[in-house]
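**Student:** Got a structure for you, written out below as structure tokens; questions coming shortly.
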Amino acid sequence: MFRILLAEDDQVMREYLTRALERAGYAVSAVDRGTAALPLIETEPFDLLLTDIVMPEMDGIELAQKASDIAPDMRVMFITGFAAVTLKAGQAMPQARVLSKPFHLRDLVLEVDRLFENVKLPNSN
């Protein structure tokens, strides 16, 4: 099972996304800010960092950059409601996917599925 670390400061959105991804078969750990995500990245393996860009304490771009130093093979997907921030994210992390709010949960799950479509499950033979 692929493991996703979700960093989203909005509690309702965080719970909504967690439920949708878990229903789709992913293991999800969710935190409310980037500074809470870093210790998890340092101690646990994740296949995807799914992060909001605009968050207090540490934005999602800074989180993704620090996360890529710790776990360079972890994929990154940004979610944001700000078009100008989308451009900044693409420049800072060109290999990351960006999903703009509002989006349908089905679209999020499809994007996550696409990220893993040619990847073997961790610990599979």
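Every chain in the structure tokens takes a letter, A first, then B, and so on in the order presented; its residues are numbered from 1, and the ligands are numbered from 1 following the presented order.
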Leaving out Gly81 in chain A and any residue of its chain fewer than 5 positions from it, which residues lie within 8 Å of it when counting only C-alpha atoms, given as a list in words?
**Tutor:**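 In the requested form, the answer reads Ser100, Lys101 and Pro102 of chain A.
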**Student:** Those same residues, written as a compact mmCIF listing (two decimals), in the first residue's frame with N, CA, C and O atoms?
**Tutor:**
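File produced: part-v3.txt:
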```
# COMPACT_ATOMS: atom_id res chain seq x y z
N SER A 100 -5.14 22.53 -8.63
CA SER A 100 -5.75 23.79 -8.18
C SER A 100 -7.12 23.56 -7.59
O SER A 100 -7.92 22.80 -8.13
N LYS A 101 -7.37 24.22 -6.45
CA LYS A 101 -8.69 24.20 -5.82
C LYS A 101 -9.59 25.18 -6.57
O LYS A 101 -9.09 26.18 -7.05
N PRO A 102 -10.86 24.93 -6.69
CA PRO A 102 -11.55 23.74 -6.19
C PRO A 102 -11.34 22.57 -7.15
O PRO A 102 -11.20 22.76 -8.36
```
**Student:** Might you pull out every residue within 9 Å of range 65-71 of chain A, with only C-alpha atoms counted and same-chain residues fewer than 3 positions away left off, and present them as a ChimeraX atom specification?
**Tutor:** /A:37-38,41-42,45-46,49,60-62,74-76,92-93
**Student:** Figure out the distance between CA of Ile79 in chain A and CA of Leu6 in chain A, please, to one decimal in Å.
**Tutor:**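 CA of Leu6 in chain A sits 10.2 Å away from CA of Ile79 in chain A.
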**Student:** Rank A:Asp59, A:Asp107, A:Asp9, A:Asp113 by their smallest atom-to-atom distance to Asp32 in chain A, using only C-alpha atoms, and report the top residue only.
**Tutor:**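 Checking each of A:Asp59, A:Asp107, A:Asp9, A:Asp113 against Asp32 in chain A, counting only C-alpha atoms, the winner is A:Asp9.
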**Student:** Using only C-alpha atoms, which of A:Val54, A:Leu121, A:Leu115, A:Leu63 sits nearest Leu40 in chain A?
**Tutor:** A:Leu63
**Student:** Would you please work out which residue, of A:Thr43, A:Ala24, A:Arg3, A:Leu17, is nearest to Phe103 in chain A when using only C-alpha atoms?
**Tutor:**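 Of A:Thr43, A:Ala24, A:Arg3, A:Leu17, the one nearest Phe103 in chain A, counting only C-alpha atoms, is A:Leu17.
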**Student:** Write down as a PyMOL selection string the residues belonging to chain A that are assigned strand (DSSP E) by DSSP computed on the backbone.
**Tutor:** chain A and resi 3-7+27-31+48-52+75-80+97-100
**Student:** With only C-alpha atoms as the basis for distance, which of A:Val12, A:Val119, A:Ala7, A:Val109 is at the shortest distance from Tyr26 in chain A?
**Tutor:**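 Closest residue, counting only C-alpha atoms: A:Val109.
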**Student:** Pick out each residue of chain A that DSSP on the backbone tags as helix (DSSP H, G or I); I need them as a PyMOL selection string.
**Tutor:** chain A and resi 11-23+34-43+60-70+83-92+105-116
**Student:** Go ahead and dump the residues you just picked, C-alpha atoms, as a short mmCIF file (atom, residue, chain, number, x, y, z; two decimals), in the first residue's frame.
**Tutor:**
```
data_model
loop_
_atom_site.label_atom_id
_atom_site.label_comp_id
_atom_site.auth_asym_id
_atom_site.auth_seq_id
_atom_site.Cartn_x
_atom_site.Cartn_y
_atom_site.Cartn_z
CA GLN A 11 -9.27 20.72 9.19
CA VAL A 12 -12.37 20.02 7.11
CA MET A 13 -10.35 19.77 3.88
CA ARG A 14 -7.74 17.58 5.62
CA GLU A 15 -10.40 15.13 6.84
CA TYR A 16 -12.18 15.17 3.47
CA LEU A 17 -8.98 14.40 1.53
CA THR A 18 -7.87 11.75 4.03
CA ARG A 19 -11.16 9.86 3.74
CA ALA A 20 -11.15 9.97 -0.06
CA LEU A 21 -7.58 8.72 -0.33
CA GLU A 22 -8.10 5.98 2.25
CA ARG A 23 -11.21 4.80 0.37
CA GLY A 34 4.52 21.75 7.43
CA THR A 35 6.46 21.91 10.68
CA ALA A 36 4.50 18.86 11.88
CA ALA A 37 5.24 16.97 8.64
CA LEU A 38 9.04 17.18 8.77
CA PRO A 39 9.55 14.95 11.84
CA LEU A 40 7.37 12.29 10.20
CA ILE A 41 9.37 12.45 6.97
CA GLU A 42 12.56 11.99 8.99
CA THR A 43 11.28 8.87 10.76
CA GLY A 60 4.14 23.88 1.22
CA ILE A 61 6.95 24.84 -1.15
CA GLU A 62 9.47 25.17 1.66
CA LEU A 63 8.17 21.90 3.13
CA ALA A 64 8.59 20.12 -0.22
CA GLN A 65 12.13 21.45 -0.64
CA LYS A 66 13.16 20.29 2.84
CA ALA A 67 11.35 16.97 2.34
CA SER A 68 13.22 16.34 -0.92
CA ASP A 69 16.52 16.73 0.95
CA ILE A 70 15.40 14.14 3.51
CA ALA A 83 -3.15 30.78 -9.23
CA ALA A 84 -0.06 32.94 -8.66
CA VAL A 85 1.22 30.47 -6.08
CA THR A 86 0.81 27.65 -8.61
CA LEU A 87 3.39 29.35 -10.82
CA LYS A 88 5.82 29.73 -7.92
CA ALA A 89 5.41 26.05 -7.03
CA GLY A 90 6.14 24.96 -10.59
CA GLN A 91 9.34 26.97 -10.62
CA ALA A 92 10.50 25.80 -7.20
CA LEU A 105 -12.17 14.30 -5.02
CA ARG A 106 -12.34 11.99 -8.03
CA ASP A 107 -9.80 14.25 -9.80
CA LEU A 108 -7.45 14.15 -6.81
CA VAL A 109 -7.59 10.36 -6.62
CA LEU A 110 -7.02 10.08 -10.39
CA GLU A 111 -3.95 12.34 -10.16
CA VAL A 112 -2.55 10.32 -7.25
CA ASP A 113 -3.26 7.07 -9.13
CA ARG A 114 -1.37 8.45 -12.16
CA LEU A 115 1.65 9.22 -10.01
CA PHE A 116 1.87 5.57 -9.01
#
```
